[in-house]
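Chemist: This is the structure I want to talk about, given as structure tokens.
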Number of protein chains: 2
Amino acid sequence: MNFEFYNPTRLIFGAGSLNRLGEIVKEKGSRALLVIGGGSVKRNGTFQRAVTSLEQTGVTVVECSGIEPNPRITSVARGAQIAREENCDVIVALGGGSTMDASKVIAAAALYHGDPWDLIGHGQEDWVIPTKALPVVTIPTLAATGSEMNAAAVISNEETKIKSFVQSDALYPTAAVVDPELTLTVPQDQTAYGVCDIIVHVTEAYFNGIDGTPIQDHFAEGIILNTIEYGKRAVADGNDLEARAQLQWASILALNGFMAAGMNPAGFPVHMIEHAISAHHDITHGAGLAIVNPAWMKFAANHRPTKFVQFAERIFGLQAKSNDDMDCALAGIAAYEEFLKSIGCPTRLKEVGIGDELLAQYAEDSALVLRDGEGKLLSRPAMSKDDIVTVLKTAL
Amino acid sequence: MNFEFYNPTRLIFGAGSLNRLGEIVKEKGSRALLVIGGGSVKRNGTFQRAVTSLEQTGVTVVECSGIEPNPRITSVARGAQIAREENCDVIVALGGGSTMDASKVIAAAALYHGDPWDLIGHGQEDWVIPTKALPVVTIPTLAATGSEMNAAAVISNEETKIKSFVQSDALYPTAAVVDPELTLTVPQDQTAYGVCDIIVHVTEAYFNGIDGTPIQDHFAEGIILNTIEYGKRAVADGNDLEARAQLQWASILALNGFMAAGMNPAGFPVHMIEHAISAHHDITHGAGLAIVNPAWMKFAANHRPTKFVQFAERIFGLQAKSNDDMDCALAGIAAYEEFLKSIGCPTRLKEVGIGDELLAQYAEDSALVLRDGEGKLLSRPAMSKDDIVTVLKTAL
């Protein structure tokens with residue numbers, strides 16, 4: 001077990017913490033670029049509360065609205081330009097994963113004078129990993145991506161239909177103001193997709209990590225168990241603040257590096273495959289994950305049955321006949337798929353209107369960023385393009 | 001669930017990572033005060049390896065040796081004086097919890113011109129919490145305190161017989177170089193005391209936290225389960241590197257803030273009581289904890305049986321008849337005590353030569369720092385001095 005861990009984001013968690021935004025941002029700057037998505041935060045009053053808190057502490061607010069789901073590099077470029085023109089010295093991201101991801105790259109692009117797409121890994125020879133960025137304060141309005149407390153961002157290029165990512169210490173938010181009350185208005189379907197996202201962040205590490213990480217396994221299983229329990233509750237009753245708070249906390253823990261520390265997962269194959277699909281079809285990331293993850297698990301279980309048996313036993317209370325009991329492993333995956341259906345998630349491509357026309361293209365795009373020396377998609381086991389097509393056929 | 005979390009220490013974990021010390025320290029300074037304890041690191045060659053790594057990158061080494069177990073404020077003052085006189089710009093702590101704790105306070109005291117004891121909480125009206133300190137790089141040689149990646153330090157005053165602590169963001173080590181190979185030479189008894197220390201760090205949060213922290217509970221239980229499993233192995237065979245690595249990782253997770261985030265534990269009563277005892281008798285902290293913790297648990301279980309039932313079920317696989325089944329709760333505590341005995345720890349004061357002469361004094365000293373408005377020792381439930389004496393009588 002050899003690894004490094006570093007996460008300097010200051011987390012302020014709890015109902016009502018939005019009221020502390022101004023106090024927190026003021027420590028970092030005096031002119032904030034306030035980045036938002038399609039405007040739901042304006043309709044429900046959250047935007048105005050954020051502006052009031054900022055202005056009360058003397059922070060000037062410059063608005064950058066209209067970050068789309070699956071945020072585009074053109075939006076990043078636009079945000080960076082505003083930040084430069086308006087001399088913003090801090091970026092405030094108010095929204096879901098798209099808004100937070102775009103904000104991180106805006107913060108880096110504001111200090112980079114080349115094409116912002118250089119900063120995103122897409123198979124280019126010289127990937128310009130950001131080493132500096134304006135300070136970012138995140139305020140998530142959805143429990144899903146965990147972007148609020150990590151150093152990663154996923155950005156799409158609408159021209160090339162490539163959706164990819166960047167990760168760098170420079171992109172850690174300075175602070176994350178996490179107020180579960182802001183998620184009470186998230187619609188049922190988006191809540192469910194967020195639940196998928198959280199669980200897949202955990203399973204990507206859990207199933208693609210090295211062997212011999214017993215403490216991390218317990219952490220991962222704890223997060224999954226609670227995401228299932230409180231996910232059901234939040235989907236059933238959006239106003240259940242306790243469930244919202246538990247999901248919000250789970251979303252952070254799933255992807256801030258701590259849970260997976262020492263697991264050293266090879267790649268994030270389900271994410272890479274989903275990104276390839278949603279770059280072409282603009283489906284919600286969490287919905288795409290709900291489709292790809294069970295299909296990928298059925299493939300991977302054949303190669304590493306033990307961990308899937310452990311998953312079946314510890315998450316769903318199944319009883320295995322042996323450590324590599326494939327029936328038990330598959331029953332665990334089936335139970336997981338049933339859970340996804342129970343909260344209203346799609347689990348097949350046809351449910352979101354996607355057929356088999358572009359399977360080879362998705363496979364090609366998936367392996368663009370995280371591939372091994374032979375061009376296979378990084379995971380345990382590494383996946384050939386044929387393997388990816390096979391998985392996607394299971395998901396049709 | 002309202003809380004803040006912040007831990008900016010960069011963790012470099014893994015067998016062999018001591019070799020990277022110079023590279024890591026060099027980023028922070030060019031004149032290192034290398035702080036060590038009684039000299040075991042010289043006898044086993046670790047000291048020379050650290051010096052070589054530092055000097056190879058051009059870092060000048062100034063030595064400060066002789067930090068005692070239960071480190072004294074006079075040693076802190078001496079270290080701070082050397083750091084100032086020698087213009088050290090970075091502190092390197094190579095040793096166990098005592099060396100690391102002393103190093104943190106040396107780093108703060110080097111920049112503070114009053115009495116270093118002002119920095120340690122001991123009931124004084126004006127506790128000077130440090131707001132700045134020289135950068136500190138920790139290299140633990142023992143899996144126990146978790147001091148390598150947290151912002152706390154425990155220091156003793158040999159004159160007043162008070163052992164107390166300080167915690168401040170300024171005391172977070174810049175980096176922790178955690179190399180489990182360095183712990184292979186730790187003797188059997190010290191290994192066992194370290195195991196106690198790790199578990200008590202977890203139980204202090206677990207039993208004194210708020211209700212409704214399901215993910216954190218899983219984290220805590222994962223750490224305890226693994227500390228028991230690998231603790232047995234490391235005590236049985238000191239050369240078991242896998243067990244040493246798992247313990248080392250558990251020691252960090254137990255007290256770097258993540259496991260307890262949101263639990264908001266009231267005080268650390270077992271630590272406060274143990275500090276009071278070891279300030280008078282200079283017993284090893286972990287051994288003192290092995291004595292005090294079961295006694296405290298028997299007291300606390302009467303007030304909050306549910307969590308103790310959960311502990312009995314999830315850690316020792318016992319079956320409760322109800323959520324507040326006291327027989328089950330007590331059986332869990334008994335099983336824990338049996339585990340402590342099995343690895344060679346004392347569980348009664350008489351085993352370390354302590355009688356009932358000073359029980360009232362320990363109770364008085366315990367409540368000096370973390371007390372509520374009525375002067376009771378902070379915990380859930382808060383403890384009167386009589387309660388503390390009652391607990392200690394159980395431990396005689």
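By convention in this document, the chains of the structure tokens carry letters A, B, ... by their order, each chain's residues are numbered from 1, and ligands are numbered from 1 in the order they are shown.
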Run DSSP on the backbone and tell me which residues of stretch 205-330 of chain B come out as alpha helix (DSSP H); list them as a PyMOL selection string.
Modeler: chain B and resi 205-208+214-236+241-255+269-281+285-301+305-316+326-330
Chemist: Provide as a VMD selection string the residues of chain A at most 8 Å from chain B, counting only C-alpha atoms.
Modeler: chain A and resid 1 to 15 214 to 215 218 to 219 222 to 223 226 245 250
Chemist: Which of these, A:Thr284, A:Asn157, A:Gln56, A:Thr145, has the shortest distance to A:Val25 once you count only C-alpha atoms?
Modeler: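 Selected residue with least distance to A:Val25: A:Gln56.
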Chemist: I want to know what sits within 8 Å of A:Ile106, based on only C-alpha atoms, with residues of the same chain fewer than 3 positions away left out; could you give that as an NGL selection string?
Modeler: :A and (76-77 or 79-80 or 102-103 or 109-110)
Chemist: Could you go through stretch 5-47 of chain A and tell me which residues DSSP, when run on the backbone, assigns to strand (DSSP E), listing them as a PDB file with N, CA and C atoms, in the first residue's frame?
Modeler:
ATOM      1  N   PHE A   5      -1.800  11.284  -0.253  1.00  0.00           N
ATOM      2  CA  PHE A   5      -3.113  11.888  -0.068  1.00  0.00           C
ATOM      3  C   PHE A   5      -2.926  13.354   0.289  1.00  0.00           C
ATOM      4  N   ARG A  10     -11.246  23.457   2.757  1.00  0.00           N
ATOM      5  CA  ARG A  10     -11.917  23.635   4.047  1.00  0.00           C
ATOM      6  C   ARG A  10     -13.406  23.393   3.839  1.00  0.00           C
ATOM      7  N   LEU A  11     -13.941  22.435   4.574  1.00  0.00           N
ATOM      8  CA  LEU A  11     -15.344  22.067   4.425  1.00  0.00           C
ATOM      9  C   LEU A  11     -16.172  22.700   5.532  1.00  0.00           C
ATOM     10  N   ILE A  12     -17.225  23.407   5.136  1.00  0.00           N
ATOM     11  CA  ILE A  12     -18.174  23.958   6.100  1.00  0.00           C
ATOM     12  C   ILE A  12     -19.497  23.287   5.796  1.00  0.00           C
ATOM     13  N   PHE A  13     -19.921  22.399   6.660  1.00  0.00           N
ATOM     14  CA  PHE A  13     -21.061  21.534   6.378  1.00  0.00           C
ATOM     15  C   PHE A  13     -22.199  21.802   7.351  1.00  0.00           C
ATOM     16  N   ARG A  31     -13.566  40.559  -5.365  1.00  0.00           N
ATOM     17  CA  ARG A  31     -14.422  40.574  -6.567  1.00  0.00           C
ATOM     18  C   ARG A  31     -14.669  39.132  -6.990  1.00  0.00           C
ATOM     19  N   ALA A  32     -15.900  38.686  -6.756  1.00  0.00           N
ATOM     20  CA  ALA A  32     -16.225  37.278  -6.990  1.00  0.00           C
ATOM     21  C   ALA A  32     -16.949  37.092  -8.320  1.00  0.00           C
ATOM     22  N   LEU A  33     -16.470  36.132  -9.110  1.00  0.00           N
ATOM     23  CA  LEU A  33     -17.253  35.682 -10.266  1.00  0.00           C
ATOM     24  C   LEU A  33     -18.197  34.616  -9.747  1.00  0.00           C
ATOM     25  N   LEU A  34     -19.486  34.909  -9.754  1.00  0.00           N
ATOM     26  CA  LEU A  34     -20.484  33.964  -9.233  1.00  0.00           C
ATOM     27  C   LEU A  34     -21.025  33.161 -10.412  1.00  0.00           C
ATOM     28  N   VAL A  35     -20.653  31.894 -10.452  1.00  0.00           N
ATOM     29  CA  VAL A  35     -20.970  31.035 -11.594  1.00  0.00           C
ATOM     30  C   VAL A  35     -22.192  30.190 -11.264  1.00  0.00           C
TER      31      VAL A  35
END
Chemist: With only C-alpha atoms as the basis for distance, which of A:Ala234, A:Ile199, A:Cys345, A:Ile315 is at the shortest distance from A:Gly146?
Modeler: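 Closest to A:Gly146 of all the choices is A:Ile199.
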Chemist: Taking 4 positions as the minimum chain separation for residues in the same chain, which residues sit within 6 Å of stretch 120-137 of chain A when counting only C-alpha atoms? Answer as a short mmCIF file (atom, residue, chain, number, x, y, z; two decimals) with C-alpha atoms, in the first residue's frame.
Modeler:
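What ended up in around18.cif:
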data_model
loop_
_atom_site.label_atom_id
_atom_site.label_comp_id
_atom_site.auth_asym_id
_atom_site.auth_seq_id
_atom_site.Cartn_x
_atom_site.Cartn_y
_atom_site.Cartn_z
CA VAL A 90 -12.14 34.59 -6.54
CA ILE A 91 -14.60 32.22 -8.23
CA VAL A 92 -17.80 31.19 -6.45
CA ALA A 107 -10.33 29.53 -12.33
CA ALA A 108 -7.38 27.91 -14.09
CA PHE A 165 -11.44 15.56 -17.44
CA VAL A 166 -8.60 17.29 -15.67
CA ALA A 170 -4.30 23.59 -8.19
CA PRO A 173 -11.53 24.46 -3.98
CA THR A 174 -10.31 26.69 -1.17
CA ALA A 175 -13.54 26.09 0.68
CA ALA A 176 -16.76 24.15 0.20
CA LEU A 368 -8.97 8.10 -25.35
CA VAL A 369 -7.71 9.38 -22.00
#
Chemist: Could you check how far atom CA of A:Ile343 sits from atom CA of A:Val235, in Å to one decimal?
Modeler: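 Computing it gives 6.6 Å between the two atoms.
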Chemist: Excluding same-chain residues fewer than 5 positions from B:Arg78, what lies within 9 Å of it counting only C-alpha atoms, as an mmCIF file with C-alpha atoms, in the first residue's frame?
Modeler:
data_model
loop_
_atom_site.group_PDB
_atom_site.id
_atom_site.type_symbol
_atom_site.label_atom_id
_atom_site.label_comp_id
_atom_site.auth_asym_id
_atom_site.auth_seq_id
_atom_site.Cartn_x
_atom_site.Cartn_y
_atom_site.Cartn_z
ATOM 1 C CA CYS B 64 17.489 18.338 18.818
ATOM 2 C CA ILE B 73 7.411 21.873 28.177
ATOM 3 C CA ALA B 83 15.518 26.585 16.260
ATOM 4 C CA ILE B 106 8.500 23.805 19.116
#
Chemist: So what do you get for atom CA of A:Phe308 versus atom CA of A:Ile277, distance-wise?
Modeler: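 Atom CA of A:Ile277 lies at a distance of 25.3 Å from atom CA of A:Phe308.
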Chemist: Mind pulling up the distance from atom CA of B:Lys350 to atom CA of B:His280?
Modeler: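 These two atoms are separated by 14.7 Å.
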Chemist: Which residues are close to B:Glu337, i.e. within 10 Å by only C-alpha atoms, leaving aside same-chain residues fewer than 3 positions away? Reply as a CSV table (one decimal) with N, CA and C atoms, in the first residue's frame.
Modeler:
chain,number,residue,atom,x,y,z
B,290,ALA,N,-5.5,1.7,28.1
B,290,ALA,CA,-6.0,0.4,28.2
B,290,ALA,C,-6.7,0.1,29.6
B,291,ILE,N,-6.2,0.9,30.6
B,291,ILE,CA,-6.8,0.8,31.9
B,291,ILE,C,-8.1,1.6,32.1
B,293,ASN,N,-10.0,3.1,29.6
B,293,ASN,CA,-11.1,3.0,28.7
B,293,ASN,C,-12.2,2.0,29.1
B,294,PRO,N,-11.9,0.7,29.4
B,294,PRO,CA,-13.0,-0.2,29.8
B,294,PRO,C,-13.7,0.3,31.0
B,295,ALA,N,-13.0,0.9,31.9
B,295,ALA,CA,-13.7,1.4,33.1
B,295,ALA,C,-14.7,2.5,32.8
B,331,ALA,N,-21.2,-7.2,27.8
B,331,ALA,CA,-20.5,-8.3,27.2
B,331,ALA,C,-19.5,-7.8,26.1
B,332,GLY,N,-19.9,-6.8,25.4
B,332,GLY,CA,-19.1,-6.2,24.4
B,332,GLY,C,-17.9,-5.5,25.0
B,333,ILE,N,-18.1,-4.8,26.1
B,333,ILE,CA,-17.0,-4.2,26.9
B,333,ILE,C,-16.0,-5.3,27.4
B,334,ALA,N,-16.6,-6.4,27.9
B,334,ALA,CA,-15.8,-7.5,28.4
B,334,ALA,C,-15.0,-8.1,27.3
B,340,LEU,N,-7.7,-6.7,24.9
B,340,LEU,CA,-6.6,-5.9,25.5
B,340,LEU,C,-5.6,-6.8,26.2
B,341,LYS,N,-6.2,-7.7,27.1
B,341,LYS,CA,-5.4,-8.6,27.8
B,341,LYS,C,-4.6,-9.6,26.9
B,342,SER,N,-5.3,-10.0,25.8
B,342,SER,CA,-4.7,-11.0,24.9
B,342,SER,C,-3.4,-10.4,24.2
B,345,CYS,N,-1.8,-6.0,27.3
B,345,CYS,CA,-2.0,-4.7,28.0
B,345,CYS,C,-2.5,-4.9,29.4
B,346,PRO,N,-2.1,-4.0,30.2
B,346,PRO,CA,-2.7,-3.9,31.6
B,346,PRO,C,-4.1,-3.4,31.5
B,347,THR,N,-5.0,-3.8,32.3
B,347,THR,CA,-6.4,-3.3,32.3
B,347,THR,C,-6.8,-2.8,33.7
